[in-house]
Amino acid sequence: MDPRPRSFYVLATVFGLFLLFLYGPTITIAILSFQGPEGGLTFPMRGASLHWFRDLFEQQAVGDIWGSFGRSLVLGLLVMATTVVVSVMGGLAFRKRFRGSGLLFQLVIASLVIPSILVSLGVGLIFTQAGLPIHWATSGFGAQLTWTLPFGLLIMFAVFNRFDPAYEEAARDGGATPWQTVRHVVLPIIAPSLLGVGLFGFTLSYDEFARTLLTSGSRNTLPLEIYGMTTNVTTPVIFALGTLTTVFSLLVIGAFLLTLRIAARRRARAGSDAGRAV
Amino acid sequence: QEIKDVTLRQFGTGVSNLNEVAQKVKEDLGFTLEMTALDSDAVTQRAATQPDSFDIADIEYWIAKKVWPTGNLQAMDTSKIANYGKIVGIFRDGKLTPESTIAQGTAPHTVGFTSGPGGTDFAAEETGWMTLIPTIYNADTLGIRPDLIGRPIESWTELLNPEFAGKASLLDISSIGIMDAAMVCEAMGEIQYGDKGNMTRDEIDRTMAIMTEAKRAGQFRSFWKTFDESVNLMASGEVVIQSMWSPAITAVKSRGIPCVYQPLKEGYRSWGGGIGLSSSLSGLPLDAAYEYINWYLSGWVGGFLMRQGYYSAVPETSKAFMSPNEWGYWFEGKPAAEPISSPFGDVLAQPGEVRDGGSFHERMGHVACWNSVMDENQYMVRKWNEFIAA
Amino acid sequence: MRTGHDLELVHVTKRYGDAVAVNDVSHLFRGGSYVCLLGPSGCGKSSTLRMIAGHEGVSAGSIVLHGAEVTHLPPARRGTAMMFQSYALFPHLSVRDNVAFSLRMKGVDKPARHRRAGELLELVDMARHADRLPSQLSGGQQQRVALARALVTDPQVLLLDEPLSALDPFLRVRMRAELKRLQRELGIGFIHVTHGQDEALALADEIVLMNDARIEQAGPAREIFNAPRTEFVARFMGGHNVIALPQGRFALRADDVRLAPEGAEAVVRAVEYQGGHVALTARMAGEQELLALIPEAAFFADPKHPGDAVRLAWDEGRLHRLHA
Amino acid sequence: MRTGHDLELVHVTKRYGDAVAVNDVSHLFRGGSYVCLLGPSGCGKSSTLRMIAGHEGVSAGSIVLHGAEVTHLPPARRGTAMMFQSYALFPHLSVRDNVAFSLRMKGVDKPARHRRAGELLELVDMARHADRLPSQLSGGQQQRVALARALVTDPQVLLLDEPLSALDPFLRVRMRAELKRLQRELGIGFIHVTHGQDEALALADEIVLMNDARIEQAGPAREIFNAPRTEFVARFMGGHNVIALPQGRFALRADDVRLAPEGAEAVVRAVEYQGGHVALTARMAGEQELLALIPEAAFFADPKHPGDAVRLAWDEGRLHRLHA
Amino acid sequence: MTGWLLAAPLALVLALFLVAPIAMIAVVSFWTATEFSIVPAFSLENYQFLLGSGVTWRVLLNTVKYAAITWAITLTLGFTVAYFLAFHVRSQAWQTALFLLCTIPFWTSNIIRMISWIPFLGREGIANSALLSWGVIDQPLDWLLFSDFSVILAFVHLYTLFMVVPIFNTMMRIDRRLLEAASDAGASGLQTLRHVVLPLTRPGIMIGTIFVLTLVMGDFITVRFMSGSQSANVGRLIQNDIGLLQYPSASATSVLLLIVTLMVIGVLLRLVDIRKEL
Ligand SMILES: Nc1ncnc2c1ncn2[C@@H]1O[C@H](COP(=O)(O)OP(=O)(O)OP(=O)(O)O)[C@@H](O)[C@H]1O
Ligand SMILES: Nc1ncnc2c1ncn2[C@@H]1O[C@H](COP(=O)(O)OP(=O)(O)OP(=O)(O)O)[C@@H](O)[C@H]1O
Ligand SMILES: [Mg+2]
Ligand SMILES: [Mg+2]
């Protein structure tokens with residue numbers, strides 16, 4: 001290996017500090033979540049225990065963590081599925097110009113840049129004025145889509161920018177109908193990116209706060225619940241929750257990476273040279 | 001359909017919206033109570049705008065002044081309330097004792113009754129139809145960290161004392177915060193209010209001007225919006241003096257941190273909470289709701305709340321659910337005979353300690369004003385908003 | 001003499017917006033012959049091929065295959081098959097499934113389509129690698145799979161868009177021999193787009209030379225090389241000089257120019273060794289540059305260098321008159 | 001005879017992890033000469049060039065330019081300049097600014113560096129397009145700009161990595177003539193990486209043929225073509241047959257094989273028209289395939305087709321013995 | 001035609017949950033409110049109060065200040081990190097691994113990440129205790145928490161990644177040979193950075209800028225938590241109004257925020273073609 005230039009060490013140090021900066025607080029709360037039963041929200045630690053994690057699984061004084069977790073999970077999955085389907089359709093649509101495509105694209109960008117609280121406020125207003133019930137699965141769902149769809153769509157743009165149209169022509173040449181082309185050629189080829197869109201959609205929704213604030217109705221999603229807890233809970237149980245949500249996120253990513261890995265391995269196995277002379 | 005299949009959705013602030021209550025309801029009455037805890041702005045908002053999202057609203061009296069006229073709540077027939085007669089006078093004719101004077105602000109009895117079923121007005125005296133059934137109330141004052149202050153505090157003026165610059169806090173709930181601010185300004189002798197609970201625009205402007213100036217000068221460390229925020233601020237030493245709620249002080253103390261609920265010469269600012277029923281509630285769920293209310297007033301909840309430092313609307317019934325030691329300490333202002341512990345098992349006072357502020361009558365007899373909604377509420381709200389943003 | 005599956009373009013035009021990519025082209029591609037579409041970049045070769053394949057709409061004119069108009073049929077129903085420039089093998093399917101793809105689309109059952117795919121993989125000598133993914137193949141191997149995939153539908157005409165351009169020169173020569181062999185064995189028509197003259201000369205029964213959206217000249221490879229009709233053809237095919245004489249412009253093959261004591265005076269500009277020959281560029285009077293292809297032995301018997309004065313000669317009979 | 005700026009590789013090795021890309025290579029590049037580094041894909045040509053340029057560290061050995069060791073100098077201080085494979089023109093800078101880039105880095109003031117850039121653009125005939133962005137240029141034009149940019153530093157040696165590979169065949173031939181002319185005019189050394197034999201033959205004063213991380217043979221173009229040392233060289237340079245005889249393996253040039261009534265029996269396998277010649281592949285007894293390059297006129301006097309029986313002959317004296 | 005069909009779900013979602021709500025906000029901004037409900041009567045009162053109050057302008061200025069400072073810091077930091085990852089990390093495996101490492105905290109709830117600073121920065125927090133015990137200071141530093149410093153710190157913590165990702169993405173697409181060409185031309189590391197890398201990374205910088213600016217300008221809870229309600233931005237103003245049920249007033253402020261945001265982003269979008277950069 002060539003020797004590293006000095007700038008490498010400077011930048012590596014900066015990078016290391018940046019990581020520390022990123023992880024510092026997370027690690028802090030991870031440590032604090034193992035406070036003893038007497039412990040508070042700040043250092044010093046008073047003993048070490050799993051008390052607060054146990055506490056998390058018991059009835060809290062206020063709120064309903066697991067109920068809101070369940071709602072967030074369901075909502076996340078709903079948003080994820082919708083985002084994947086709608087973004088793929090949108091991505092396909094945008095490959096050709098159509099009337100109003102420019103306007104629609106600008107709307108997508110607007111959707112990305114308009115502050116969340118405005119969407120939240122607006123959707124809440126519309127629903128109340130129209131006399132519709134505000135519920136996380138209707139108004140909350142819609143408000144979140146205005147956030148996940150632009151991301152999904154932009155990813156699809158990136159994917160289709162790199163997608164060789166010759167694949168589709170080859171499929172048509174082989175007699176595939178438009179639907180068969182999408183089903184047997186386009187979708188399998190872009191599948192890994194779809195997983196990515198799904199993962200993105202899920203986490204954006206799962207973590208969305210501002211857009212859900214005024215659109216979730218009488219039942220909280222997890223971020224709202226956590227928001228409530230930050231003002232209503234005075235024990236390290238909230239840190240335990242934080243640690244647990246982090247772990248959960250890591251599990252989701254892990255599952256995602258594993259899926260990709262397995263898919264890649266399965267493909268590779270199909271045609272490996274193992275045990276064969278070339 | 002049986003009553004135990006009923007599910008009632010209740011929401012309110014974290015103060016009284018406790019899951020223990022729901023559990024006990026399930027045990028004692030058999031039906032399900034779903035609790036949602038929100039901050040008081042959100043509570044107001046939901047009560048006023050989303051009547052279908054709840055069955056029972058656990059709100060404060062001053063909020064009722066905003067919510068009741070919307071017709072989202074239904075009047076309650078006092079004849080169905082078993083312990084109606086034992087409810088303390090504050091919630092009926094406004095007087096703790098026959099000779100008490102009624103404090104400024106939205107005293108609970110002024111918004112406690114309506115003309116009849118379907119009424120959206122407030123009645124001046126007991127009519128047999130209540131807007132809210134009182135549940136919980138208290139008198140608030142400043143909380144301090146005696147260890148960090150090291151000298152006696154006697155007046156509301158201390159909140160703006162430059163000595164505590166960067167170490168003071170105020171609550172950011174406009175209707176309550178402005179009252180605390182008014183207490184301070186009045187104590188400082190800067191403003192003489194006609195009625196702190198119903199200020200004129202000019203009074204509001206002057207009050208906010210004083211507070212804004214203090215804020216710009218860095219008097220405040222932080223504002224708080226919920227009970228526990230105030231606890232955290234105090235417990236972590238970020239703040240040494242702030243407007244505070246009694247149980248919040250209890251909570252700080254339970255961590256072994258010295259904290260005093262400081263009686264002040266100008267008196268207390270008081271508040272009261274109650275339960276209202278959604279106007280859409282009828283039939284079996286409505287029966288369940290009445291059953292719930294009667295159960296609420298029958299003592300267990302009262303004891304549960306009183307042992308945290310609040311007062312019950314029907315103290316007599318609660319007495320049965322408290323030990324004589326607890327009753328003596330919490331209600332009568334006597335020194336504790338044995339260690340006093342909270343319902344959650346934290347030790348709050350050692351033998352010999354006396355409750356800050358003394359007995360029930362000592363406290364509730366020195367109320368200077370009630371949390372309220374003013375005629376100029378909207379103007380006040382905007383000014384408050386400006387103050388927070390300033 | 002026409003065999004079974006002639007393909008005819010009748011006044012075919014392709015416009016992209018204002019730009020005309022193919023301008024009123026008519027041509028008959030004889031069934032069973034190897035035709036190369038040759039021309040500089042952007043002249044419209046790919047557009048022509050893609051119209052034949054049905055991947056590009058026709059702006060005007062029609063395409064007739066074996067007597068039937070196919071102008072508006074979908075690609076799969078024309079009897080043509082296409083092999084794409086960088087092969088466009090489906091990356092998620094094994095070699096076998098790639099080849100069997102169009103059968104699967106038709107609903108042919110698995111054993112049957114695998115059998116057929118196996119046959120074609122035998123044909124291109126890729127049966128061993130049937131289970132691999134395209135990414136696990138070398139360029140030449142990918143090319144064969146693409147060929148097998150295109151042939152699985154038994155097309156009457158195979159269309160190839162620069163099939164050899166992704167290969168290195170060494171492999172390119174080998175694969176072009178294979179293409180030629182396969183075409184002869186199958187007896188179907190190949191239409192092969194390229195911009196390499198040597199490739200076209202080596203492969204084509206007929207060369208269709210395009211320029212600027214039109215056909216410049218079409219005919220057997222030897223005819224194109226020996227009797228270029230226009231200056232463009234002469235220059236593009238290479239190995240020719242274009243000489244302006246009072247009577248008109250003439251093409252003169254470079255290997256007909258020799259160094260001789262009695263020829264026209266010229267100054268050597270450049271010398272390129274080409275293995276068996278040496279290409280010598282010299283400038284005559286009047287700025288006319290002349291390329292001479294001189295056998296190695298002859299050249300090195302008396303080597304010349306840039307700047308040397310030489311005399312160049314040729315037989316008048318070898319001058320070929322150009323039309324434009 | 002050595003001129004000014006000789007470049008010498010002394011036991012140079014390049015390793016990437018475990019893989020050896022260049023294995024103990026020593027060679028002297030004569031100053032002022034045009035050298036082509038030729039070889040199949042992956043043989044280490046680019047790695048060698050990049051080590052000379054200083055863009056790749058040297059794992060072992062040293063590089064000496066004009067007597068001074070430059071092994072560890074930064075690229076700009078070696079006296080070399082590099083022209084990159086796809087030109088690597090700065091897309092955000094105009095043609096003029098691209099050329100003037102290194103002067104700007106040196107702190108030369110604007111008028112001076114623009115003047116100098118203008119001169120170089122004149123040299124490569126691109127002065128007209130000085131204000132364009134690279135994306136607005138054709139491939140050939142980009143190549144000239146890249147050349148001008150590389151030359152602006154007055155390098156002693158110009159390094160070119162496949163400079164012609166992005167061009168179409170027509171342009172490639174034209175641009176290689178320009179490269180050659182420029183090199184002669186400037187009189188500096190060019191080291192040009194390519195994997196095209198024809199390109200190397202046409203351009204090089206000296207060809208360095210690499211294979212498998214080593215130099216297989218180095219020498220003047222004609223020597224490489226006429227006297228290949230190994231079977232690999234003979235095959236790679238093309239136009240050669242490799243014949244196994246009891247005495248050993250021999251190379252035989254394809255243009256030394258002729259159709260003759262008294263020759264060895266063989267069956268035609270393939271016929272490729274190449275303009276002036278026809279390449280005929282035939283199989284003799286014992287699976288030996290032979291390539292014959294037959295002048296067009298001779299071939300078409302009596303054309304052969306695949307499957308025909310022919311007789312092939314050659315002079316024994318033209319057999320060239322191979323060492324490996 | 002099919003284009004429209006495919007784009008229809010996207011258009012529908014955006015129409016229902018973006019266009020309509022924003023239009024609603026615009027309409028409501030001209031209504032009046034009582035304490036608990038909104039009254040559909042045309043009135044300019046909201047705007048009069050809003051534009052007439054000095055506080056509005058101060059808050060707007062504060063919003064812009066937060067956005068500008070956060071932008072400058074995230075840009076510097078994000079660029080440095082992306083530069084290190086893209087140009088100094090040699091193996092692709094390491095690049096992916098380090099990049100993932102940077103993104104992991106992003107999958108943890110924003111609110112938890114934010115409040116986790118509190119035990120760190122408080123008067124008795126880790127930072128102060130450490131500094132005190134090292135003898136660097138003899139008084140706890142008050143400005144670490146509930147100050148502009150803590151607000152910006154939290155912003156930087158939350159949003160630097162939104163700079164890193166697009167910048168890294170563009171940097172990875174810079175042809176490495178351009179850097180070699182620059183070093184061939186005698187450019188020093190800094191010169192290469194200034195004259196080659198920076199101009200070529202501009203689109204990524206623009207996209208990152210758009211993200212960071214919208215997120216910061218639309219934020220309301222970071223400012224609330226990290227300033228202890230001592231500072232305000234426009235989002236806070238809106239949230240306060242919403243909390244106090246002053247929807248028309250909140251809407252008017254929203255319209256103001258929308259206009260400012262769209263103006264800033266509009267200018268940025270002129271400088272970069274998002275679709276091309278994906
Ligand atoms: N989809 C398109 N939209 C607009 N113009 C196009 C399109 N495809 C091709 N063209 C234009 O049509 C002309 C002919 O293009 P075509 O691809 O047929 O050329 P070609 O001969 O195949 O060139 P090459 O050898 O470079 O592949 C060119 O000028 C090209 O720019
Ligand atoms: N950065 C690298 N890391 C690891 N291996 C490399 C690297 N660069 C080149 N190699 C390997 O070194 C060997 C020589 O590569 P090099 O690029 O020099 O070949 P080349 O002769 O230029 O080939 P081509 O004609 O394909 O450009 C190859 O096997 C290649 O895979
Ligand atoms: Mg083409
Ligand atoms: Mg190379």
# chains A, B, ... in the order shown; residues from 1 in each chain; ligands from 1
>>> residues_around(residues="Gln156 of chain D", least_positions_apart="3", cutoff="10 Å", atoms="only C-alpha atoms", output="compact mmCIF listing (two decimals) with all heavy atoms, in the first residue's frame")
# COMPACT_ATOMS: atom_id res chain seq x y z
N GLY D 4 18.52 13.01 -25.31
CA GLY D 4 18.31 13.65 -24.01
C GLY D 4 17.61 12.84 -22.94
O GLY D 4 18.22 12.38 -21.97
N HIS D 5 16.31 12.65 -23.13
CA HIS D 5 15.52 12.28 -21.97
C HIS D 5 15.10 10.83 -21.94
O HIS D 5 13.94 10.50 -22.08
CB HIS D 5 14.31 13.19 -21.89
CG HIS D 5 14.70 14.63 -21.85
ND1 HIS D 5 15.48 15.17 -20.85
CD2 HIS D 5 14.46 15.65 -22.71
CE1 HIS D 5 15.68 16.44 -21.07
NE2 HIS D 5 15.08 16.76 -22.20
N ASP D 6 16.05 9.97 -21.73
CA ASP D 6 15.71 8.56 -21.61
C ASP D 6 14.93 8.30 -20.33
O ASP D 6 15.15 8.94 -19.31
CB ASP D 6 17.00 7.72 -21.56
CG ASP D 6 17.65 7.66 -22.92
OD1 ASP D 6 17.07 8.19 -23.88
OD2 ASP D 6 18.75 7.08 -22.99
N LEU D 7 14.06 7.32 -20.43
CA LEU D 7 13.30 6.92 -19.24
C LEU D 7 13.60 5.45 -19.00
O LEU D 7 13.49 4.62 -19.92
CB LEU D 7 11.81 7.10 -19.50
CG LEU D 7 10.90 6.62 -18.38
CD1 LEU D 7 10.86 7.65 -17.27
CD2 LEU D 7 9.51 6.36 -18.90
N GLY D 31 14.79 8.38 -25.34
CA GLY D 31 14.26 9.73 -25.43
C GLY D 31 13.83 10.06 -26.84
O GLY D 31 14.48 9.64 -27.81
N GLY D 32 12.72 10.77 -26.97
CA GLY D 32 12.28 11.23 -28.28
C GLY D 32 11.69 10.17 -29.17
O GLY D 32 11.39 10.44 -30.32
N LEU D 65 14.46 9.01 -14.83
CA LEU D 65 14.22 9.84 -16.01
C LEU D 65 15.40 10.77 -16.20
O LEU D 65 15.73 11.55 -15.31
CB LEU D 65 12.91 10.63 -15.83
CG LEU D 65 12.54 11.54 -17.01
CD1 LEU D 65 12.36 10.75 -18.29
CD2 LEU D 65 11.28 12.33 -16.70
N HIS D 66 16.05 10.62 -17.35
CA HIS D 66 17.17 11.49 -17.68
C HIS D 66 18.20 11.48 -16.55
O HIS D 66 18.67 12.53 -16.09
CB HIS D 66 16.66 12.92 -17.92
CG HIS D 66 17.69 13.77 -18.61
ND1 HIS D 66 17.65 15.13 -18.61
CD2 HIS D 66 18.78 13.44 -19.33
CE1 HIS D 66 18.68 15.61 -19.29
NE2 HIS D 66 19.37 14.59 -19.74
N ARG D 78 7.87 15.27 -12.28
CA ARG D 78 8.67 14.23 -12.92
C ARG D 78 9.10 14.61 -14.33
O ARG D 78 9.93 13.94 -14.90
CB ARG D 78 7.82 12.97 -13.05
CG ARG D 78 7.41 12.43 -11.72
CD ARG D 78 6.74 11.10 -11.88
NE ARG D 78 6.71 10.49 -10.56
CZ ARG D 78 6.71 9.20 -10.33
NH1 ARG D 78 6.69 8.34 -11.34
NH2 ARG D 78 6.70 8.73 -9.10
N GLY D 79 8.44 15.62 -14.90
CA GLY D 79 8.72 15.90 -16.31
C GLY D 79 7.92 15.02 -17.23
O GLY D 79 8.16 14.96 -18.43
N THR D 80 6.95 14.28 -16.68
CA THR D 80 6.05 13.51 -17.53
C THR D 80 4.70 14.21 -17.54
O THR D 80 4.40 15.01 -16.65
CB THR D 80 5.82 12.10 -16.97
OG1 THR D 80 5.26 12.21 -15.66
CG2 THR D 80 7.13 11.32 -16.90
N ALA D 81 3.90 13.91 -18.53
CA ALA D 81 2.52 14.38 -18.51
C ALA D 81 1.68 13.25 -19.03
O ALA D 81 2.15 12.41 -19.80
CB ALA D 81 2.34 15.61 -19.38
N LEU D 151 0.30 18.79 -22.95
CA LEU D 151 1.55 19.34 -23.49
C LEU D 151 1.88 20.72 -22.91
O LEU D 151 3.00 21.20 -23.08
CB LEU D 151 1.45 19.44 -25.01
CG LEU D 151 1.42 18.08 -25.72
CD1 LEU D 151 1.17 18.28 -27.21
CD2 LEU D 151 2.73 17.34 -25.49
N THR D 153 2.60 21.71 -20.13
CA THR D 153 3.69 21.76 -19.15
C THR D 153 5.05 21.47 -19.76
O THR D 153 6.02 21.26 -19.03
CB THR D 153 3.44 20.74 -18.03
OG1 THR D 153 3.16 19.47 -18.63
CG2 THR D 153 2.30 21.13 -17.13
N LEU D 159 2.67 10.53 -21.70
CA LEU D 159 2.13 9.20 -21.48
C LEU D 159 0.68 9.19 -21.93
O LEU D 159 -0.10 10.06 -21.56
CB LEU D 159 2.21 8.88 -19.98
CG LEU D 159 3.60 9.09 -19.37
CD1 LEU D 159 3.54 9.00 -17.86
CD2 LEU D 159 4.58 8.09 -19.93
N LEU D 186 7.34 17.64 -32.08
CA LEU D 186 7.78 18.05 -30.75
C LEU D 186 9.10 17.42 -30.36
O LEU D 186 9.85 17.96 -29.55
CB LEU D 186 6.72 17.67 -29.71
CG LEU D 186 5.38 18.38 -29.84
CD1 LEU D 186 4.33 17.74 -28.95
CD2 LEU D 186 5.53 19.86 -29.49
N GLY D 187 9.34 16.24 -30.92
CA GLY D 187 10.60 15.57 -30.62
C GLY D 187 10.71 15.01 -29.21
O GLY D 187 11.80 14.67 -28.75
N ILE D 188 9.61 14.92 -28.50
CA ILE D 188 9.67 14.33 -27.16
C ILE D 188 9.21 12.88 -27.21
O ILE D 188 8.64 12.43 -28.21
CB ILE D 188 8.79 15.10 -26.15
CG1 ILE D 188 7.32 15.03 -26.57
CG2 ILE D 188 9.26 16.54 -26.03
CD1 ILE D 188 6.38 15.63 -25.55
N GLY D 189 9.48 12.15 -26.15
CA GLY D 189 9.08 10.74 -26.11
C GLY D 189 7.59 10.59 -25.84
O GLY D 189 7.03 11.31 -25.02
N PHE D 190 6.95 9.67 -26.55
CA PHE D 190 5.56 9.32 -26.28
C PHE D 190 5.55 7.87 -25.81
O PHE D 190 6.21 7.02 -26.42
CB PHE D 190 4.71 9.40 -27.57
CG PHE D 190 4.15 10.77 -27.88
CD1 PHE D 190 4.86 11.93 -27.59
CD2 PHE D 190 2.91 10.90 -28.49
CE1 PHE D 190 4.35 13.19 -27.90
CE2 PHE D 190 2.39 12.15 -28.81
CZ PHE D 190 3.10 13.30 -28.51
>>> calpha_fit_rmsd(fixed="chain C", moving="chain D")
0.4 Å
>>> atom_distance(atom1="atom CA of Arg321 of chain C", atom2="atom CA of Ala200 of chain C")
23.1 Å
>>> closest_residue(among="A:Leu251, A:Leu22, A:Ile262, A:Leu213", to="chain B", atoms="only C-alpha atoms")
A:Leu213
>>> closest_residue(among="E:Val156, E:Val272, E:Ile25, E:Leu256", to="chain A", atoms="only C-alpha atoms")
E:Ile25
>>> residues_near_ligand(ligand="ligand 2", cutoff="10 Å", atoms="only C-alpha atoms and all ligand atoms", output="ChimeraX atom specification")
/C:168 /D:14-22,37-51,56,85,161-162,193-196,210-213 /E:90-91
>>> select_by_dssp(residues="segment 145-277 of chain C", states="strand (DSSP E)", output="PyMOL selection string")
chain C and resi 157-161+189-194+206-211+214-220+240-245+248-253+258-273+277
>>> atom_distance(atom1="atom CA of Thr49 of chain B", atom2="atom CA of His135 of chain A")
13.8 Å
>>> decode(residues="segment 115-120 of chain A", atoms="all heavy atoms", output="mmCIF file, in the first residue's frame")
data_model
loop_
_atom_site.group_PDB
_atom_site.id
_atom_site.type_symbol
_atom_site.label_atom_id
_atom_site.label_comp_id
_atom_site.auth_asym_id
_atom_site.auth_seq_id
_atom_site.Cartn_x
_atom_site.Cartn_y
_atom_site.Cartn_z
ATOM 1 N N PRO A 115 -42.444 22.897 4.863
ATOM 2 C CA PRO A 115 -42.257 22.476 6.252
ATOM 3 C C PRO A 115 -43.376 21.547 6.728
ATOM 4 O O PRO A 115 -44.548 21.774 6.435
ATOM 5 C CB PRO A 115 -42.276 23.795 7.017
ATOM 6 C CG PRO A 115 -41.789 24.795 6.034
ATOM 7 C CD PRO A 115 -42.306 24.346 4.707
ATOM 8 N N SER A 116 -42.954 20.520 7.433
ATOM 9 C CA SER A 116 -43.886 19.480 7.865
ATOM 10 C C SER A 116 -45.077 20.031 8.620
ATOM 11 O O SER A 116 -46.204 19.575 8.442
ATOM 12 C CB SER A 116 -43.176 18.490 8.772
ATOM 13 O OG SER A 116 -42.002 18.052 8.176
ATOM 14 N N ILE A 117 -44.810 21.013 9.453
ATOM 15 C CA ILE A 117 -45.906 21.471 10.311
ATOM 16 C C ILE A 117 -47.035 22.085 9.490
ATOM 17 O O ILE A 117 -48.195 22.004 9.859
ATOM 18 C CB ILE A 117 -45.391 22.461 11.377
ATOM 19 C CG1 ILE A 117 -46.513 22.777 12.359
ATOM 20 C CG2 ILE A 117 -44.844 23.725 10.756
ATOM 21 C CD1 ILE A 117 -46.051 23.249 13.681
ATOM 22 N N LEU A 118 -46.679 22.619 8.320
ATOM 23 C CA LEU A 118 -47.729 23.187 7.472
ATOM 24 C C LEU A 118 -48.628 22.079 6.944
ATOM 25 O O LEU A 118 -49.854 22.225 6.895
ATOM 26 C CB LEU A 118 -47.119 23.965 6.300
ATOM 27 C CG LEU A 118 -46.197 25.120 6.630
ATOM 28 C CD1 LEU A 118 -46.035 26.030 5.435
ATOM 29 C CD2 LEU A 118 -46.726 25.914 7.796
ATOM 30 N N VAL A 119 -47.999 20.991 6.522
ATOM 31 C CA VAL A 119 -48.800 19.879 6.024
ATOM 32 C C VAL A 119 -49.691 19.361 7.147
ATOM 33 O O VAL A 119 -50.891 19.129 6.973
ATOM 34 C CB VAL A 119 -47.873 18.754 5.521
ATOM 35 C CG1 VAL A 119 -48.701 17.548 5.108
ATOM 36 C CG2 VAL A 119 -47.027 19.254 4.362
ATOM 37 N N SER A 120 -49.088 19.225 8.301
ATOM 38 C CA SER A 120 -49.821 18.722 9.453
ATOM 39 C C SER A 120 -51.017 19.618 9.753
ATOM 40 O O SER A 120 -52.150 19.154 9.896
ATOM 41 C CB SER A 120 -48.861 18.699 10.640
ATOM 42 O OG SER A 120 -49.305 17.850 11.637
#
